[in-house]
file model-v3.tsv (TSV, C-alpha atoms and all ligand atoms)
chain	number	residue	atom	x	y	z
A	1	MET	CA	121.89	-17.66	62.08
A	2	LYS	CA	122.58	-19.89	59.08
A	3	ILE	CA	124.88	-19.84	56.06
A	4	THR	CA	122.69	-19.33	52.98
A	5	GLU	CA	125.10	-18.54	50.14
A	6	ILE	CA	128.70	-19.05	48.99
A	7	LYS	CA	129.46	-16.30	46.50
A	8	VAL	CA	132.56	-16.11	44.29
A	9	ARG	CA	133.38	-12.91	42.44
A	10	VAL	CA	136.14	-13.10	39.81
A	11	PHE	CA	137.64	-9.72	38.92
A	12	THR	CA	140.71	-8.25	37.25
A	13	HIS	CA	143.37	-5.98	38.71
A	14	THR	CA	146.81	-4.70	37.80
A	15	SER	CA	149.81	-6.83	38.74
A	16	ARG	CA	153.43	-5.74	38.51
A	17	GLN	CA	154.75	-9.26	38.98
A	18	MET	CA	155.28	-12.28	36.77
A	19	LYS	CA	155.91	-15.91	37.65
A	20	ASP	CA	158.80	-17.89	36.15
A	21	SER	CA	158.53	-21.50	34.96
A	22	ASP	CA	159.17	-22.79	38.51
A	23	GLY	CA	156.50	-20.55	40.03
A	24	HIS	CA	158.76	-17.91	41.60
A	25	SER	CA	157.63	-14.26	41.50
A	26	HIS	CA	159.73	-11.56	39.86
A	27	PRO	CA	159.03	-7.95	38.85
A	28	GLY	CA	157.30	-7.65	35.50
A	29	PRO	CA	155.53	-5.12	33.31
A	30	PRO	CA	152.06	-4.06	34.55
A	31	ARG	CA	149.36	-6.42	33.30
A	32	ARG	CA	145.78	-7.33	34.11
A	33	VAL	CA	145.35	-10.55	36.05
A	34	ARG	CA	142.37	-12.39	37.50
A	35	GLN	CA	141.65	-12.85	41.17
A	36	ALA	CA	138.64	-14.10	43.11
A	37	LEU	CA	136.86	-13.02	46.29
A	38	LEU	CA	134.99	-15.75	48.12
A	39	SER	CA	132.16	-14.58	50.40
A	40	VAL	CA	130.25	-16.66	52.95
A	41	ILE	CA	126.84	-15.03	53.44
A	42	CYS	CA	124.22	-15.67	56.16
A	43	ASP	CA	120.47	-15.27	56.46
A	44	ASP	CA	120.89	-12.19	58.68
A	45	GLY	CA	122.99	-10.44	55.99
A	46	SER	CA	126.33	-10.94	57.74
A	47	ALA	CA	129.22	-11.97	55.53
A	48	GLY	CA	132.89	-12.92	55.63
A	49	HIS	CA	135.38	-12.68	52.78
A	50	CYS	CA	138.68	-14.07	51.58
A	51	PHE	CA	140.69	-13.40	48.42
A	52	ALA	CA	141.66	-16.47	46.43
A	53	PRO	CA	143.32	-17.70	43.28
A	54	THR	CA	140.47	-18.35	40.85
A	55	GLU	CA	141.36	-22.04	40.45
A	56	ALA	CA	141.03	-22.67	44.20
A	57	VAL	CA	137.40	-21.52	44.21
A	58	ARG	CA	136.28	-22.80	40.80
A	59	PRO	CA	132.54	-23.54	40.49
A	60	SER	CA	132.81	-27.35	40.74
A	61	LEU	CA	134.68	-27.11	44.09
A	62	ILE	CA	132.14	-24.69	45.52
A	63	LYS	CA	129.16	-26.75	44.37
A	64	ASP	CA	130.46	-30.26	45.10
A	65	PHE	CA	132.19	-29.64	48.43
A	66	VAL	CA	131.95	-26.18	50.00
A	67	GLU	CA	128.19	-25.67	49.60
A	68	VAL	CA	127.46	-29.22	50.72
A	69	VAL	CA	129.40	-28.75	53.98
A	70	LEU	CA	128.51	-25.11	54.74
A	71	LEU	CA	124.96	-24.33	53.62
A	72	GLY	CA	122.43	-24.36	56.44
A	73	GLN	CA	125.16	-24.48	59.12
A	74	HIS	CA	125.98	-21.94	61.83
A	75	PRO	CA	128.98	-19.88	60.62
A	76	PHE	CA	130.61	-19.93	64.07
A	77	ASP	CA	130.96	-23.74	64.00
A	78	ARG	CA	134.38	-23.40	62.42
A	79	GLU	CA	135.87	-26.59	63.86
A	80	LYS	CA	132.93	-28.68	62.64
A	81	LEU	CA	132.97	-27.06	59.19
A	82	TRP	CA	136.76	-27.36	58.83
A	83	GLN	CA	136.67	-31.04	59.89
A	84	GLY	CA	133.81	-31.59	57.42
A	85	LEU	CA	135.89	-30.27	54.53
A	86	ALA	CA	139.18	-31.86	55.67
A	87	HIS	CA	137.53	-35.26	56.03
A	88	TRP	CA	136.35	-35.04	52.44
A	89	GLN	CA	139.80	-34.41	50.98
A	90	ARG	CA	140.75	-38.08	50.86
A	91	GLY	CA	137.75	-38.99	48.75
A	92	SER	CA	137.86	-35.91	46.57
A	93	GLY	CA	140.36	-37.36	44.10
A	94	ALA	CA	142.90	-34.65	44.99
A	95	GLN	CA	140.43	-31.94	43.94
A	96	LEU	CA	139.86	-30.45	47.39
A	97	THR	CA	143.17	-28.92	48.49
A	98	ASP	CA	144.42	-27.30	51.69
A	99	ARG	CA	144.32	-24.01	49.78
A	100	THR	CA	140.55	-24.21	49.37
A	101	LEU	CA	140.15	-25.26	53.00
A	102	ALA	CA	142.17	-22.20	54.00
A	103	ILE	CA	140.10	-19.78	51.95
A	104	VAL	CA	136.83	-21.05	53.44
A	105	ASP	CA	138.24	-21.06	56.98
A	106	LEU	CA	139.58	-17.52	56.62
A	107	ALA	CA	136.21	-16.28	55.32
A	108	LEU	CA	134.50	-17.87	58.34
A	109	TRP	CA	136.91	-16.20	60.77
A	110	ASP	CA	136.40	-12.88	58.94
A	111	LEU	CA	132.63	-13.34	59.21
A	112	ALA	CA	132.81	-13.98	62.95
A	113	GLY	CA	134.96	-10.90	63.52
A	114	ARG	CA	132.73	-8.68	61.43
A	115	LYS	CA	129.56	-10.01	63.09
A	116	LEU	CA	130.94	-9.54	66.62
A	117	GLY	CA	132.60	-6.21	65.82
A	118	VAL	CA	136.14	-7.29	66.76
A	119	PRO	CA	139.38	-7.96	64.89
A	120	VAL	CA	140.04	-11.69	64.49
A	121	TYR	CA	143.29	-11.52	66.48
A	122	LYS	CA	141.33	-10.15	69.46
A	123	LEU	CA	138.65	-12.79	68.96
A	124	ILE	CA	141.27	-15.57	69.13
A	125	GLY	CA	143.05	-13.88	72.03
A	126	ALA	CA	145.83	-11.43	71.28
A	127	TYR	CA	149.39	-11.69	72.53
A	128	ARG	CA	150.54	-8.43	70.90
A	129	ASP	CA	149.25	-5.58	68.72
A	130	LYS	CA	152.35	-5.11	66.54
A	131	VAL	CA	154.87	-7.54	65.11
A	132	PRO	CA	158.44	-6.90	63.92
A	133	ALA	CA	158.83	-7.70	60.21
A	134	TYR	CA	161.68	-9.31	58.39
A	135	GLY	CA	162.23	-8.24	54.83
A	136	SER	CA	161.85	-11.33	52.66
A	137	THR	CA	163.48	-10.99	49.27
A	138	MET	CA	162.27	-12.45	46.00
A	139	CYS	CA	164.34	-15.26	44.53
A	140	GLY	CA	167.50	-14.34	42.66
A	141	ASP	CA	167.21	-13.44	39.00
A	142	GLU	CA	169.19	-12.27	35.99
A	143	ILE	CA	167.75	-8.74	35.96
A	144	ALA	CA	170.26	-5.88	35.74
A	145	GLY	CA	170.24	-4.01	39.06
A	146	GLY	CA	167.86	-6.61	40.47
A	147	LEU	CA	168.98	-9.64	42.48
A	148	ALA	CA	171.46	-10.96	39.94
A	149	THR	CA	174.71	-10.86	41.95
A	150	PRO	CA	175.89	-11.12	45.58
A	151	GLU	CA	176.62	-7.38	45.40
A	152	ASP	CA	172.98	-6.75	44.40
A	153	TYR	CA	171.86	-8.55	47.57
A	154	GLY	CA	174.29	-6.51	49.68
A	155	ARG	CA	173.06	-3.19	48.26
A	156	PHE	CA	169.43	-4.18	48.67
A	157	ALA	CA	170.07	-5.27	52.28
A	158	GLU	CA	171.46	-1.81	53.08
A	159	TRP	CA	168.29	-0.26	51.68
A	160	LEU	CA	166.07	-2.64	53.66
A	161	ILE	CA	167.78	-1.68	56.92
A	162	LYS	CA	167.32	2.02	56.10
A	163	ARG	CA	163.64	1.32	55.42
A	164	GLY	CA	163.31	0.00	58.96
A	165	TYR	CA	163.53	-3.78	58.68
A	166	LYS	CA	165.13	-5.37	61.74
A	167	ALA	CA	165.88	-8.68	60.01
A	168	ILE	CA	166.26	-9.98	56.45
A	169	LYS	CA	165.65	-13.30	54.77
A	170	LEU	CA	167.24	-14.09	51.43
A	171	HIS	CA	165.72	-16.26	48.76
A	172	THR	CA	168.66	-16.96	46.48
A	173	TRP	CA	168.95	-18.36	42.96
A	174	MET	CA	166.93	-21.27	41.77
A	175	LYS	CA	165.95	-22.72	38.45
A	176	PRO	CA	165.21	-21.42	35.81
A	177	VAL	CA	168.14	-19.00	36.40
A	178	SER	CA	170.62	-20.30	33.82
A	179	TRP	CA	173.48	-21.25	36.19
A	180	ALA	CA	171.45	-22.02	39.32
A	181	PRO	CA	171.36	-23.59	41.80
A	182	ASP	CA	174.87	-23.15	43.21
A	183	PRO	CA	175.54	-23.32	46.99
A	184	ARG	CA	178.80	-21.40	46.56
A	185	MET	CA	176.87	-18.46	45.08
A	186	ASP	CA	174.33	-18.69	47.93
A	187	VAL	CA	177.19	-18.29	50.42
A	188	ARG	CA	178.58	-15.32	48.49
A	189	ALA	CA	175.17	-13.59	48.64
A	190	CYS	CA	174.79	-14.40	52.34
A	191	ALA	CA	178.28	-13.06	53.05
A	192	ALA	CA	177.59	-9.86	51.07
A	193	VAL	CA	174.45	-9.23	53.11
A	194	ARG	CA	176.22	-9.94	56.43
A	195	GLU	CA	178.98	-7.54	55.36
A	196	ALA	CA	176.39	-4.87	54.42
A	197	VAL	CA	174.31	-4.95	57.61
A	198	GLY	CA	176.93	-5.71	60.25
A	199	PRO	CA	177.12	-8.47	62.88
A	200	ASP	CA	173.92	-7.80	64.84
A	201	VAL	CA	171.06	-8.00	62.32
A	202	PRO	CA	169.28	-11.39	62.32
A	203	LEU	CA	169.60	-12.98	58.86
A	204	MET	CA	167.96	-16.07	57.43
A	205	LEU	CA	168.36	-18.10	54.24
A	206	ASP	CA	165.70	-19.85	52.16
A	207	ALA	CA	167.75	-21.40	49.35
A	208	TYR	CA	167.09	-23.84	46.54
A	209	HIS	CA	164.77	-26.57	47.81
A	210	GLY	CA	166.42	-29.50	46.08
A	211	TYR	CA	170.01	-29.65	47.34
A	212	SER	CA	171.52	-33.01	48.24
A	213	ARG	CA	172.38	-33.82	51.86
A	214	SER	CA	176.05	-33.03	51.32
A	215	GLU	CA	175.32	-29.73	49.58
A	216	ALA	CA	172.82	-28.74	52.29
A	217	LEU	CA	175.30	-29.63	55.06
A	218	TRP	CA	178.11	-27.63	53.48
A	219	LEU	CA	175.84	-24.62	52.99
A	220	GLY	CA	174.54	-24.84	56.56
A	221	ARG	CA	178.09	-24.90	57.99
A	222	GLU	CA	178.94	-21.78	55.97
A	223	LEU	CA	175.80	-20.05	57.33
A	224	GLN	CA	176.94	-20.88	60.87
A	225	LYS	CA	180.20	-19.03	60.23
A	226	LEU	CA	178.14	-16.01	59.09
A	227	ASN	CA	175.97	-16.22	62.24
A	228	TYR	CA	172.69	-16.74	60.39
A	229	ALA	CA	169.56	-17.12	62.54
A	230	TRP	CA	167.79	-19.92	60.68
A	231	TYR	CA	168.16	-22.25	57.69
A	232	GLU	CA	165.04	-22.93	55.64
A	233	GLU	CA	164.07	-25.69	53.20
A	234	PRO	CA	167.41	-26.51	51.49
A	235	MET	CA	166.19	-30.02	50.57
A	236	ASN	CA	162.99	-31.68	49.43
A	237	GLU	CA	160.73	-31.74	52.48
A	238	ALA	CA	159.25	-35.08	51.43
A	239	SER	CA	162.37	-36.66	53.00
A	240	MET	CA	161.93	-35.99	56.71
A	241	SER	CA	164.88	-38.31	57.43
A	242	SER	CA	167.17	-35.96	55.50
A	243	TYR	CA	166.09	-33.07	57.72
A	244	ALA	CA	166.59	-35.11	60.90
A	245	TRP	CA	170.09	-35.92	59.66
A	246	LEU	CA	170.77	-32.26	58.75
A	247	ALA	CA	169.48	-30.86	62.05
A	248	ALA	CA	171.63	-33.38	63.96
A	249	ASN	CA	174.73	-32.25	62.08
A	250	LEU	CA	174.27	-28.47	62.39
A	251	ASP	CA	174.14	-25.91	65.19
A	252	ILE	CA	172.17	-23.34	63.17
A	253	PRO	CA	168.40	-23.79	63.76
A	254	VAL	CA	166.73	-25.70	60.94
A	255	ILE	CA	163.17	-24.46	60.33
A	256	GLY	CA	160.33	-26.41	58.76
A	257	PRO	CA	158.35	-27.92	57.27
A	258	GLU	CA	156.78	-25.25	55.09
A	259	THR	CA	155.39	-26.91	51.98
A	260	ALA	CA	155.15	-30.55	53.08
A	261	ASP	CA	151.61	-31.94	52.98
A	262	GLY	CA	149.89	-33.17	56.11
A	263	LYS	CA	148.96	-30.08	58.11
A	264	PHE	CA	149.67	-30.25	61.88
A	265	HIS	CA	150.11	-34.04	61.68
A	266	THR	CA	153.29	-33.58	59.63
A	267	ARG	CA	154.55	-30.83	61.95
A	268	ALA	CA	154.09	-33.20	64.91
A	269	GLU	CA	156.10	-35.93	63.16
A	270	TRP	CA	158.93	-33.50	62.36
A	271	ILE	CA	159.13	-32.34	65.96
A	272	LYS	CA	159.13	-35.94	67.23
A	273	ALA	CA	161.82	-36.95	64.71
A	274	GLY	CA	164.06	-33.99	65.57
A	275	ALA	CA	163.84	-32.88	61.93
A	276	CYS	CA	163.49	-29.18	62.85
A	277	ASP	CA	164.57	-26.81	65.59
A	278	ILE	CA	161.84	-24.26	64.75
A	279	SER	CA	158.44	-25.30	63.39
A	280	ARG	CA	156.76	-23.50	60.51
A	281	VAL	CA	153.17	-22.77	59.59
A	282	GLY	CA	151.24	-20.50	57.22
A	283	VAL	CA	147.49	-20.28	56.75
A	284	HIS	CA	147.76	-21.43	53.13
A	285	ASP	CA	150.12	-24.32	53.96
A	286	VAL	CA	147.91	-26.20	56.40
A	287	GLY	CA	144.33	-25.20	55.54
A	288	GLY	CA	143.52	-22.01	57.44
A	289	ILE	CA	143.76	-20.32	60.81
A	290	THR	CA	141.97	-23.20	62.58
A	291	PRO	CA	144.71	-25.80	61.86
A	292	SER	CA	147.48	-23.18	62.14
A	293	LEU	CA	146.52	-22.55	65.77
A	294	LYS	CA	146.86	-26.28	66.46
A	295	THR	CA	150.34	-26.22	64.93
A	296	ILE	CA	151.45	-23.19	66.96
A	297	HIS	CA	150.18	-24.72	70.20
A	298	LEU	CA	151.75	-28.07	69.32
A	299	ALA	CA	155.14	-26.42	68.94
A	300	GLU	CA	154.67	-24.44	72.15
A	301	SER	CA	153.93	-27.68	73.99
A	302	PHE	CA	157.37	-28.93	72.99
A	303	GLY	CA	159.07	-25.67	73.97
A	304	MET	CA	159.60	-24.86	70.31
A	305	ASP	CA	159.14	-21.67	68.32
A	306	CYS	CA	156.82	-21.75	65.32
A	307	GLU	CA	157.49	-19.02	62.77
A	308	VAL	CA	154.72	-17.95	60.41
A	309	HIS	CA	155.22	-18.36	56.67
A	310	GLY	CA	153.93	-15.77	54.25
A	311	HIS	CA	152.39	-12.34	54.25
A	312	GLY	CA	148.84	-10.99	54.38
A	313	ALA	CA	146.24	-10.20	57.02
A	314	ALA	CA	145.58	-13.81	58.07
A	315	ASN	CA	149.26	-14.67	58.58
A	316	LEU	CA	149.72	-11.38	60.44
A	317	THR	CA	146.82	-12.45	62.65
A	318	LEU	CA	148.68	-15.68	63.51
A	319	CYS	CA	151.79	-13.67	64.44
A	320	ALA	CA	149.71	-11.58	66.86
A	321	VAL	CA	148.22	-14.52	68.80
A	322	GLN	CA	151.40	-16.44	69.64
A	323	ARG	CA	154.22	-16.07	72.12
A	324	ASN	CA	156.41	-18.70	70.46
A	325	GLY	CA	157.14	-16.84	67.22
A	326	HIS	CA	159.02	-13.61	66.60
A	327	TRP	CA	158.63	-12.35	63.04
A	328	TYR	CA	156.15	-11.37	60.34
A	329	GLU	CA	157.37	-12.25	56.83
A	330	ARG	CA	156.94	-9.07	54.78
A	331	GLY	CA	157.37	-9.47	51.06
A	332	LEU	CA	158.36	-10.68	48.69
A	333	LEU	CA	160.64	-7.68	48.13
A	334	HIS	CA	162.75	-6.62	45.15
A	335	PRO	CA	164.75	-3.49	44.26
A	336	HIS	CA	162.52	-2.88	41.22
A	337	LEU	CA	159.19	-3.22	43.05
A	338	ASP	CA	157.43	-0.85	45.45
A	339	TYR	CA	155.85	-3.26	47.95
A	340	ASP	CA	153.96	-0.38	49.58
A	341	ILE	CA	151.75	0.24	46.54
A	342	VAL	CA	148.22	-0.65	47.69
A	343	PRO	CA	146.47	-3.16	45.39
A	344	GLU	CA	143.42	-1.67	43.64
A	345	TYR	CA	141.09	-4.13	45.39
A	346	LEU	CA	142.05	-2.75	48.84
A	347	ASN	CA	141.47	0.74	50.27
A	348	SER	CA	144.51	0.62	52.55
A	349	PRO	CA	147.56	-1.65	52.91
A	350	PRO	CA	147.09	-4.89	54.88
A	351	ASP	CA	150.55	-4.76	56.44
A	352	ALA	CA	151.86	-1.19	56.56
A	353	MET	CA	155.22	-1.07	58.37
A	354	ASP	CA	156.40	1.82	60.54
A	355	ALA	CA	159.91	3.28	60.51
A	356	GLU	CA	160.87	1.02	63.43
A	357	GLY	CA	160.07	-2.09	61.43
A	358	PHE	CA	156.77	-3.01	63.13
A	359	VAL	CA	153.59	-4.03	61.34
A	360	HIS	CA	150.52	-3.02	63.35
A	361	LEU	CA	147.35	-5.07	63.54
A	362	SER	CA	144.21	-3.39	62.20
A	363	ASP	CA	141.44	-2.51	64.66
A	364	LYS	CA	138.79	-3.13	61.97
A	365	PRO	CA	136.30	-5.91	62.70
A	366	GLY	CA	137.20	-9.12	60.89
A	367	MET	CA	140.53	-10.13	59.42
A	368	GLY	CA	141.49	-6.48	58.98
A	369	GLU	CA	141.49	-6.29	55.20
A	370	ASP	CA	140.07	-3.00	53.96
A	371	ILE	CA	138.33	-4.42	50.87
A	372	ASN	CA	137.37	-2.08	48.03
A	373	PHE	CA	134.08	-3.72	47.04
A	374	ASP	CA	133.26	-0.91	44.56
A	375	TYR	CA	136.47	-1.64	42.62
A	376	ILE	CA	135.79	-5.38	42.60
A	377	ASP	CA	132.19	-4.96	41.40
A	378	ALA	CA	133.32	-2.54	38.69
A	379	ASN	CA	135.92	-5.01	37.35
A	380	LEU	CA	134.04	-8.30	37.40
A	381	VAL	CA	134.78	-10.96	34.83
A	382	THR	CA	131.39	-12.00	33.51
B	401	MG	MG	160.12	-20.51	52.62

call {"tool": "encode", "arguments": {"input": "model-v3.tsv", "output": "structure tokens"}}
result
Amino acid sequence: MKITEIKVRVFTHTSRQMKDSDGHSHPGPPRRVRQALLSVICDDGSAGHCFAPTEAVRPSLIKDFVEVVLLGQHPFDREKLWQGLAHWQRGSGAQLTDRTLAIVDLALWDLAGRKLGVPVYKLIGAYRDKVPAYGSTMCGDEIAGGLATPEDYGRFAEWLIKRGYKAIKLHTWMKPVSWAPDPRMDVRACAAVREAVGPDVPLMLDAYHGYSRSEALWLGRELQKLNYAWYEEPMNEASMSSYAWLAANLDIPVIGPETADGKFHTRAEWIKAGACDISRVGVHDVGGITPSLKTIHLAESFGMDCEVHGHGAANLTLCAVQRNGHWYERGLLHPHLDYDIVPEYLNSPPDAMDAEGFVHLSDKPGMGEDINFDYIDANLVT
């Protein structure tokens, strides 16, 4: 069994979101956008797939790096193939990113699951078949009836609890909102949500990522008064010393890193430095499931939880194979968006949530995405 082809299909679909100038998602008018599907194909006809931003699987990356490492190799040699790509990053002139590593790694895991007829979370070794979700809001905005005021957050939190969510994480206001960031407004939103849901619902905050130490400390102390469950990325993660200082000065668990470069190596340094109380990993942050498992086990070795960042079938898979993590991040959510609308390129939702707030793992072979290949082939960009 050998890998014979790396295929990238670029197609269009309807998006109801837009990105602001800082890259945050907000609701927007329906528009056609491009997306890619990367497929790793073998000589016996077996294949594995992963959706991708088009830029992360552009032809030069596939030809110069991915094909060179993968073609002719056994698709189950995931560690060897991942190391082969990761080793090449340093010499790639910053072309080969963790995002591309992740897409290839996820396609290889999907291929193995499909070939063996088992879901990937069972292939890895499942800990659970369903995961409680927290509702993760979009960033604050200036949209009427959206997430423009603390009262908006409070109203939306009430709705989220009625929908079944057992916990909520706020993303508050950031640039380019005209008056943001403002830690006092963050506290007002956090207080409105605590008031709306009562004392027992776990709440988390992911605020502006560029506060100073003194702003971050003040905000963290206010969150402690509101009994928040964790405090996420209030400062630039490039300064690990700032996080060690913050964690030493607060009782509320500090979680991270999320976006810092360096895969599991960086997570190890943060744990050693006391820069976090809960570790953090997502498949797109560290280069796939293969390095995410190392991060989760690293944290477990230090008696530390490791909460999974981001939504989608691969991150849900991570949640299902760990004991030392509690939540699936479902979102991003907004009062003006119906998160449960199934994208046209899927036949069924990847993370449907029941009325009790649990997301159930799919029993389909592979990563569990129910891909609508007919739609993709009918909407190819040629
Ligand atoms: Mg975050």

call {"tool": "residues_around", "arguments": {"input": "model-v3.tsv", "residues": "range 326-335 of chain A", "least_positions_apart": "2", "cutoff": "9 Å", "atoms": "only C-alpha atoms", "output": "PDB file with C-alpha atoms, keeping the file's coordinate frame"}}
result
ATOM      1  CA  SER A  25     157.630 -14.260  41.500  1.00  0.00           C
ATOM      2  CA  HIS A  26     159.730 -11.560  39.860  1.00  0.00           C
ATOM      3  CA  PRO A  27     159.030  -7.950  38.850  1.00  0.00           C
ATOM      4  CA  VAL A 131     154.870  -7.540  65.110  1.00  0.00           C
ATOM      5  CA  PRO A 132     158.440  -6.900  63.920  1.00  0.00           C
ATOM      6  CA  ALA A 133     158.830  -7.700  60.210  1.00  0.00           C
ATOM      7  CA  TYR A 134     161.680  -9.310  58.390  1.00  0.00           C
ATOM      8  CA  GLY A 135     162.230  -8.240  54.830  1.00  0.00           C
ATOM      9  CA  SER A 136     161.850 -11.330  52.660  1.00  0.00           C
ATOM     10  CA  THR A 137     163.480 -10.990  49.270  1.00  0.00           C
ATOM     11  CA  MET A 138     162.270 -12.450  46.000  1.00  0.00           C
ATOM     12  CA  CYS A 139     164.340 -15.260  44.530  1.00  0.00           C
ATOM     13  CA  GLY A 145     170.240  -4.010  39.060  1.00  0.00           C
ATOM     14  CA  GLY A 146     167.860  -6.610  40.470  1.00  0.00           C
ATOM     15  CA  LEU A 147     168.980  -9.640  42.480  1.00  0.00           C
ATOM     16  CA  ASP A 152     172.980  -6.750  44.400  1.00  0.00           C
ATOM     17  CA  PHE A 156     169.430  -4.180  48.670  1.00  0.00           C
ATOM     18  CA  TRP A 159     168.290  -0.260  51.680  1.00  0.00           C
ATOM     19  CA  ALA A 167     165.880  -8.680  60.010  1.00  0.00           C
ATOM     20  CA  LYS A 169     165.650 -13.300  54.770  1.00  0.00           C
ATOM     21  CA  ASP A 305     159.140 -21.670  68.320  1.00  0.00           C
ATOM     22  CA  CYS A 306     156.820 -21.750  65.320  1.00  0.00           C
ATOM     23  CA  GLU A 307     157.490 -19.020  62.770  1.00  0.00           C
ATOM     24  CA  VAL A 308     154.720 -17.950  60.410  1.00  0.00           C
ATOM     25  CA  HIS A 309     155.220 -18.360  56.670  1.00  0.00           C
ATOM     26  CA  GLY A 310     153.930 -15.770  54.250  1.00  0.00           C
ATOM     27  CA  HIS A 311     152.390 -12.340  54.250  1.00  0.00           C
ATOM     28  CA  GLY A 312     148.840 -10.990  54.380  1.00  0.00           C
ATOM     29  CA  ASN A 315     149.260 -14.670  58.580  1.00  0.00           C
ATOM     30  CA  LEU A 316     149.720 -11.380  60.440  1.00  0.00           C
ATOM     31  CA  CYS A 319     151.790 -13.670  64.440  1.00  0.00           C
ATOM     32  CA  GLN A 322     151.400 -16.440  69.640  1.00  0.00           C
ATOM     33  CA  ARG A 323     154.220 -16.070  72.120  1.00  0.00           C
ATOM     34  CA  ASN A 324     156.410 -18.700  70.460  1.00  0.00           C
ATOM     35  CA  LEU A 337     159.190  -3.220  43.050  1.00  0.00           C
ATOM     36  CA  ASP A 338     157.430  -0.850  45.450  1.00  0.00           C
ATOM     37  CA  TYR A 339     155.850  -3.260  47.950  1.00  0.00           C
ATOM     38  CA  ASP A 351     150.550  -4.760  56.440  1.00  0.00           C
ATOM     39  CA  MET A 353     155.220  -1.070  58.370  1.00  0.00           C
ATOM     40  CA  PHE A 358     156.770  -3.010  63.130  1.00  0.00           C
ATOM     41  CA  VAL A 359     153.590  -4.030  61.340  1.00  0.00           C
TER      42      VAL A 359
END

call {"tool": "residues_near_ligand", "arguments": {"input": "model-v3.tsv", "ligand": "ligand MG 401 (chain B)", "cutoff": "7 Å", "atoms": "only C-alpha atoms and all ligand atoms", "output": "number ranges by chain"}}
result
A: 206, 232-233, 258, 309

call {"tool": "residues_around", "arguments": {"input": "model-v3.tsv", "residues": "Ala244 in chain A", "least_positions_apart": "2", "cutoff": "8 Å", "atoms": "all atoms listed in the file", "output": "MDAnalysis selection string"}}
result
chainID A and resid 240:242 246:248 270 273:276

call {"tool": "closest_residue", "arguments": {"input": "model-v3.tsv", "among": "A:Ala268, A:Leu71, A:Met174, A:Val193", "to": "Tyr153 in chain A", "atoms": "all atoms listed in the file"}}
result
A:Val193

call {"tool": "closest_residue", "arguments": {"input": "model-v3.tsv", "among": "A:Thr172, A:Thr100, A:Asn227, A:Ser21", "to": "Pro53 in chain A", "atoms": "only C-alpha atoms"}}
result
A:Thr100

call {"tool": "residues_around", "arguments": {"input": "model-v3.tsv", "residues": "Ile278 in chain A", "least_positions_apart": "6", "cutoff": "9 Å", "atoms": "all atoms listed in the file", "output": "tab-separated table (two decimals) with C-alpha atoms, keeping the file's coordinate frame"}}
result
chain	number	residue	atom	x	y	z
A	230	TRP	CA	167.79	-19.92	60.68
A	253	PRO	CA	168.40	-23.79	63.76
A	254	VAL	CA	166.73	-25.70	60.94
A	255	ILE	CA	163.17	-24.46	60.33
A	256	GLY	CA	160.33	-26.41	58.76
A	271	ILE	CA	159.13	-32.34	65.96
A	299	ALA	CA	155.14	-26.42	68.94
A	304	MET	CA	159.60	-24.86	70.31
A	305	ASP	CA	159.14	-21.67	68.32
A	306	CYS	CA	156.82	-21.75	65.32
A	307	GLU	CA	157.49	-19.02	62.77

call {"tool": "residues_around", "arguments": {"input": "model-v3.tsv", "residues": "Ala191 in chain A", "least_positions_apart": "3", "cutoff": "12 Å", "atoms": "only C-alpha atoms", "output": "ChimeraX atom specification"}}
result
/A:149-154,157,170,184-188,194-199,203-205,219,222-228

call {"tool": "closest_residue", "arguments": {"input": "model-v3.tsv", "among": "A:Ala86, A:Ile3, A:Ile103, A:Ile168", "to": "Cys50 in chain A", "atoms": "only C-alpha atoms"}}
result
A:Ile103

call {"tool": "decode", "arguments": {"input": "model-v3.tsv", "residues": "range 362-370 of chain A", "atoms": "N, CA and C atoms", "output": "compact mmCIF listing (two decimals), in the first residue's frame"}}
result
# COMPACT_ATOMS: atom_id res chain seq x y z
N SER A 362 -19.18 10.68 15.72
CA SER A 362 -19.76 9.92 14.61
C SER A 362 -19.22 8.50 14.61
N ASP A 363 -20.07 7.53 14.21
CA ASP A 363 -19.55 6.16 14.08
C ASP A 363 -19.12 5.84 12.65
N LYS A 364 -19.05 6.88 11.80
CA LYS A 364 -18.54 6.67 10.43
C LYS A 364 -17.03 6.39 10.46
N PRO A 365 -16.56 5.53 9.57
CA PRO A 365 -15.11 5.33 9.45
C PRO A 365 -14.41 6.63 9.06
N GLY A 366 -13.25 6.86 9.64
CA GLY A 366 -12.50 8.08 9.34
C GLY A 366 -12.76 9.14 10.38
N MET A 367 -12.52 10.39 10.00
CA MET A 367 -12.63 11.49 10.96
C MET A 367 -14.08 11.81 11.33
N GLY A 368 -15.02 11.27 10.54
CA GLY A 368 -16.42 11.45 10.88
C GLY A 368 -17.11 12.54 10.10
N GLU A 369 -16.38 13.18 9.19
CA GLU A 369 -17.03 14.19 8.35
C GLU A 369 -17.80 13.51 7.23
N ASP A 370 -19.03 13.94 7.05
CA ASP A 370 -19.92 13.35 6.04
C ASP A 370 -19.84 14.24 4.79
